[in-house]
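Dropping data.txt in here (compact mmCIF, C-alpha atoms):
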```txt
# COMPACT_ATOMS: atom_id res chain seq x y z
CA GLU G 1 21.04 23.13 -34.92
CA LEU G 2 17.34 22.92 -34.11
CA SER G 3 14.31 21.69 -35.97
CA LEU G 4 10.63 21.22 -35.26
CA SER G 5 9.09 17.79 -35.09
CA GLN G 6 5.41 17.76 -36.05
CA LYS G 7 3.27 15.90 -33.53
CA PRO G 8 -0.40 14.92 -33.86
CA PRO G 9 -2.80 17.89 -34.03
CA GLN G 10 -3.52 17.82 -30.31
CA SER G 11 0.18 18.45 -29.48
CA MET G 12 2.31 21.47 -30.16
CA PRO G 13 5.41 21.05 -32.33
CA ILE G 14 8.46 20.42 -30.17
CA ALA G 15 12.04 21.53 -30.73
CA VAL G 16 14.57 18.76 -31.33
CA ASP G 17 18.32 18.65 -31.87
CA LYS G 18 20.06 17.50 -35.04
CA LYS G 19 19.70 13.88 -33.93
CA GLY G 20 15.94 14.20 -33.52
CA VAL G 21 16.03 14.15 -29.71
CA PRO G 22 13.68 16.63 -27.98
CA LEU G 23 15.41 19.53 -26.25
CA ASP G 24 13.02 19.20 -23.32
CA SER G 25 12.92 15.96 -21.32
CA GLY G 26 9.26 16.45 -20.42
CA PHE G 27 10.10 15.98 -16.74
CA PRO G 28 9.34 18.65 -14.11
CA PRO G 29 12.33 20.53 -12.69
CA VAL G 30 12.21 18.49 -9.46
CA PRO G 31 14.97 15.83 -9.31
CA VAL G 32 13.68 12.35 -10.19
CA THR G 33 15.26 10.96 -7.02
CA VAL G 34 12.96 13.29 -5.07
CA LEU G 35 9.87 13.26 -7.28
CA ILE G 36 9.27 9.50 -7.47
CA PRO G 37 9.90 8.72 -3.76
CA ALA G 38 7.62 11.62 -2.80
CA PHE G 39 4.85 10.36 -5.07
CA GLN G 40 5.21 6.79 -3.83
CA THR G 41 5.15 8.00 -0.22
CA VAL G 42 1.90 9.86 -0.83
CA MET G 43 0.31 6.80 -2.45
CA LEU G 44 1.54 4.52 0.36
CA THR G 45 0.18 6.90 2.97
CA ILE G 46 -3.23 6.98 1.27
CA GLY G 47 -3.32 3.18 0.99
CA THR G 48 -2.31 2.70 4.61
CA GLY G 49 -4.92 5.21 5.75
CA ILE G 50 -7.67 3.45 3.80
CA SER G 51 -6.62 0.07 5.20
CA TYR G 52 -6.67 1.37 8.75
CA ALA G 53 -10.08 2.98 8.25
CA VAL G 54 -11.50 -0.29 6.90
CA TYR G 55 -10.00 -2.18 9.84
CA LYS G 56 -11.15 0.30 12.48
CA PHE G 57 -14.58 1.25 11.19
CA GLY G 58 -15.55 -1.58 8.82
CA GLY G 59 -17.32 -3.61 11.48
CA GLN G 60 -15.20 -6.74 10.91
CA GLN G 61 -12.25 -6.09 13.19
CA ALA G 62 -12.49 -9.47 14.91
CA LEU G 63 -12.55 -11.33 11.60
CA ILE G 64 -9.59 -9.35 10.30
CA ASP G 65 -7.68 -9.99 13.53
CA SER G 66 -8.26 -13.72 13.15
CA LYS G 67 -6.92 -13.68 9.60
CA ILE G 68 -3.84 -11.71 10.62
CA SER G 69 -3.33 -14.16 13.47
CA PHE G 70 -3.50 -17.08 11.02
CA ILE G 71 -0.93 -15.38 8.76
CA SER G 72 1.34 -14.97 11.76
CA GLN G 73 0.88 -18.53 13.02
CA GLN G 74 1.63 -20.02 9.60
CA GLN G 75 4.63 -17.70 9.12
CA LEU G 76 3.04 -16.36 5.95
CA GLY G 77 4.23 -12.87 6.76
CA TRP G 78 7.30 -13.77 4.71
CA ALA G 79 5.09 -13.92 1.60
CA TYR G 80 4.03 -10.33 2.22
CA ALA G 81 7.62 -9.33 2.96
CA GLY G 82 8.73 -11.00 -0.27
CA LEU G 83 6.18 -9.04 -2.28
CA PHE G 84 7.44 -5.88 -0.63
CA LEU G 85 10.98 -6.71 -1.75
CA PHE G 86 9.77 -7.16 -5.34
CA LYS G 87 8.00 -3.80 -5.16
CA LEU G 88 11.11 -2.20 -3.69
CA CYS G 89 13.22 -3.59 -6.54
CA THR G 90 10.74 -2.26 -9.08
CA PHE G 91 10.84 1.12 -7.35
CA VAL G 92 14.66 1.34 -7.52
CA LEU G 93 14.75 0.26 -11.18
CA LEU G 94 12.02 2.78 -12.01
CA ILE G 95 14.11 5.59 -10.56
CA ASN G 96 17.17 4.36 -12.45
CA SER G 97 15.25 4.31 -15.72
CA ALA G 98 13.63 7.70 -15.11
CA VAL G 99 16.98 9.34 -14.32
CA ALA G 100 18.42 8.03 -17.60
CA ARG G 101 15.31 9.09 -19.54
CA LYS G 102 15.45 12.62 -18.13
CA GLU G 103 19.19 12.91 -18.82
CA THR G 104 18.86 11.78 -22.43
CA ARG G 105 15.55 13.64 -23.01
CA ILE G 106 13.99 10.55 -24.59
CA GLN G 107 10.24 10.93 -24.18
CA ALA G 108 7.49 8.33 -24.10
CA PRO G 109 6.67 6.08 -25.86
CA ASP G 110 10.32 5.53 -26.95
CA GLN G 111 11.97 2.80 -24.88
CA HIS G 112 15.21 2.55 -26.83
CA VAL G 113 17.38 4.69 -29.11
CA TYR G 114 18.86 3.12 -32.22
CA LYS G 115 21.71 4.22 -34.45
CA ALA G 116 22.47 2.86 -37.90
CA PHE G 117 25.77 0.97 -38.04
CA ASN G 118 28.66 3.23 -39.15
CA ALA G 119 26.20 6.09 -39.62
CA PRO G 120 27.71 9.60 -39.81
CA ASP G 121 27.19 11.94 -36.86
CA SER G 122 24.90 14.04 -39.01
CA GLN G 123 22.37 11.19 -39.24
CA GLY G 124 19.62 11.22 -36.64
CA TYR G 125 18.78 8.46 -34.22
CA VAL G 126 16.05 5.97 -35.03
CA LEU G 127 13.06 6.64 -32.78
CA MET G 128 9.43 5.59 -32.75
CA GLU G 129 7.01 7.19 -35.20
CA SER G 130 4.82 9.60 -33.24
CA GLU G 131 2.53 11.00 -35.92
CA GLY G 132 -0.76 9.83 -37.38
CA ALA G 133 -2.07 6.29 -37.25
CA MET G 134 1.41 4.80 -36.82
CA GLY G 135 2.05 7.02 -33.81
CA LYS G 136 -1.25 5.96 -32.26
CA PHE G 137 -0.35 2.33 -32.90
CA ASN G 138 2.99 2.73 -31.12
CA ARG G 139 1.35 4.40 -28.13
CA ALA G 140 -1.43 1.79 -28.01
CA GLN G 141 1.23 -0.91 -27.91
CA ARG G 142 3.04 0.85 -25.07
CA GLY G 143 -0.23 1.24 -23.17
CA HIS G 144 -0.74 -2.51 -23.41
CA GLY G 145 2.91 -3.12 -22.54
CA ASN G 146 2.62 -0.93 -19.43
CA TYR G 147 -0.36 -2.99 -18.31
CA MET G 148 1.49 -6.28 -18.80
CA GLU G 149 4.50 -4.92 -16.90
CA MET G 150 2.45 -4.13 -13.80
CA LEU G 151 0.14 -7.16 -14.02
CA PRO G 152 2.17 -9.79 -12.08
CA SER G 153 2.86 -7.60 -9.05
CA THR G 154 -0.72 -6.27 -9.04
CA VAL G 155 -2.20 -9.78 -9.10
CA ALA G 156 0.13 -10.89 -6.32
CA ALA G 157 -0.71 -7.85 -4.20
CA PHE G 158 -4.43 -8.33 -4.82
CA LEU G 159 -4.38 -11.99 -3.75
CA LEU G 160 -2.43 -11.31 -0.57
CA ALA G 161 -4.51 -8.26 0.36
CA ALA G 162 -7.81 -9.93 -0.54
CA TYR G 163 -7.29 -12.64 2.06
CA VAL G 164 -7.47 -10.00 4.81
CA PHE G 165 -9.62 -7.37 3.08
CA PRO G 166 -11.61 -9.19 0.34
CA PHE G 167 -14.23 -6.63 -0.67
CA PRO G 168 -12.07 -3.51 -0.25
CA SER G 169 -9.37 -5.23 -2.33
CA PHE G 170 -11.95 -5.96 -5.03
CA VAL G 171 -13.03 -2.31 -5.06
CA VAL G 172 -9.43 -1.10 -5.32
CA LEU G 173 -8.75 -3.60 -8.09
CA GLY G 174 -11.79 -2.29 -9.97
CA LEU G 175 -10.38 1.24 -9.73
CA ILE G 176 -7.01 0.02 -10.98
CA VAL G 177 -8.56 -1.80 -13.94
CA ALA G 178 -10.63 1.26 -14.88
CA SER G 179 -7.60 3.53 -14.58
CA ARG G 180 -5.49 1.26 -16.81
CA VAL G 181 -8.18 1.24 -19.50
CA PHE G 182 -8.48 5.03 -19.48
CA TYR G 183 -4.69 5.29 -19.26
CA ALA G 184 -4.21 3.21 -22.42
CA LEU G 185 -6.89 5.14 -24.32
CA ALA G 186 -5.45 8.50 -23.25
CA TYR G 187 -1.91 7.35 -24.04
CA THR G 188 -3.00 6.29 -27.52
CA LYS G 189 -4.46 9.73 -28.11
CA ASP G 190 -1.55 11.77 -26.74
CA PRO G 191 1.37 10.71 -24.51
CA LYS G 192 0.91 13.82 -22.39
CA GLU G 193 -2.61 12.78 -21.41
CA ARG G 194 -1.58 9.45 -19.90
CA ALA G 195 -0.44 11.04 -16.62
CA SER G 196 -4.05 11.76 -15.65
CA PHE G 197 -4.81 8.04 -15.27
CA GLY G 198 -1.37 6.56 -14.63
CA ALA G 199 -1.16 7.21 -10.89
CA LEU G 200 -2.95 4.02 -9.89
```

structure tokens encoding of this file:
Amino acid sequence: ELSLSQKPPQSMPIAVDKKGVPLDSGFPPVPVTVLIPAFQTVMLTIGTGISYAVYKFGGQQALIDSKISFISQQQLGWAYAGLFLFKLCTFVLLINSAVARKETRIQAPDQHVYKAFNAPDSQGYVLMESEGAMGKFNRAQRGHGNYMEMLPSTVAAFLLAAYVFPFPSFVVLGLIVASRVFYALAYTKDPKERASFGAL
């Protein structure tokens, strides 16, 4: 049994099952376990390339070498390694969550699926409102929530990177801040538009 769920005017109606769950997960056909690592690898490669270019051609190689030497002498490399472990944990949990989301076809901004106690099978699940002002409110909240979720690791990464590359780190942080603002605004308008600004 299928039905159509009316979305805001900028979105096309989507087909849902009798429980109200979309028939399409919204994910591309590529397996999540391939898609996310590939994307992260591309981003890591770009970041590493920019860092090397700044080091090699930024005119401050001696200063950077002295800072790296200080980090090594004080055994502060473990702080950087620890941040990497946190990022690795986040990466694994992200894949786990995305696999479950794709399997259940629960689309953003829904984070949970609720069922009324002792409800008959014919009753749909309780999901977030996605239409009108209430839908925009829910997506605005998720946009803010996404920002708060990435804030601690971003601040930690910025502080550690800024010691070695202060100005480039500031520039990158500015790009991240701008992307998160546009991300939240686009997400509020339509969940499909958030991907344009979510990469950073």

Original post:
Can you list, as a PyMOL selection string, every protein, DNA or RNA residue that comes within 12 Å of region 169-186 of chain G when you count only C-alpha atoms, leaving out same-chain residues fewer than 6 positions away?
Top reply: chain G and resi 10+47+50-51+54+109+136-151+154-163+192-200

Subject >> Between CA of Lys56 (chain G) and CA of Ile71 (chain G), distance in Å (one decimal) >> reply: 19.1 Å

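The space separating CA of Gln107 (chain G) from CA of Pro191 (chain G) comes to 8.9 Å.
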
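If you look at CA of Thr90 (chain G) and CA of Pro152 (chain G), they are 11.8 Å away from each other.
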
**OP:** Tell me, as number ranges by chain, which residues lie within 10 Å of region 114-122 of chain G, counting all atoms listed in the file; anything in the same chain fewer than 6 positions away does not count.
**Re:** G: 18-19, 128

Test item: axis-aligned box, all listed atoms of region 46-53 of chain G, 3 Å on each side, centre and edges in Å rounded to one decimal, as lines of an AutoDock Vina configuration file:
```
center_x = -6.2
center_y = 3.5
center_z = 4.9
size_x = 13.8
size_y = 12.9
size_z = 13.8
```

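The smallest atom-to-atom distance between Gly20 (chain G) and any of G:Lys189, G:His112, G:Ile106, G:Glu131, using only C-alpha atoms, is found for G:Ile106.
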
Original post:
Nearest to Val164 (chain G) among G:Pro28, G:Phe70, G:Gln40, G:Val34, with distances taken over all atoms listed in the file: which residue is it?
Top reply: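 Nearest candidate to Val164 (chain G) out of G:Pro28, G:Phe70, G:Gln40, G:Val34: G:Phe70.
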
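For the set G:Gln75, G:Ser66, G:Gln111, G:Thr188, the residue with the smallest atom-to-atom gap to Met134 (chain G) is G:Thr188, counting only C-alpha atoms.
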
Could you list, with a cut-off of 8 Å and counting all atoms listed in the file, the residues of region 18-74 of chain G near region 91-104 of chain G, each shown with its nearest atom pair and the distance in Å rounded to one decimal, rows sorted by chain and ascending number, as CSV?
```
residue,atom,partner,partner_atom,distance
G:Ser25,CA,G:Lys102,CA,5.3
G:Gly26,CA,G:Lys102,CA,7.6
G:Phe27,CA,G:Lys102,CA,6.5
G:Val32,CA,G:Val99,CA,6.1
G:Thr33,CA,G:Ile95,CA,6.5
G:Ile36,CA,G:Ile95,CA,6.9
```
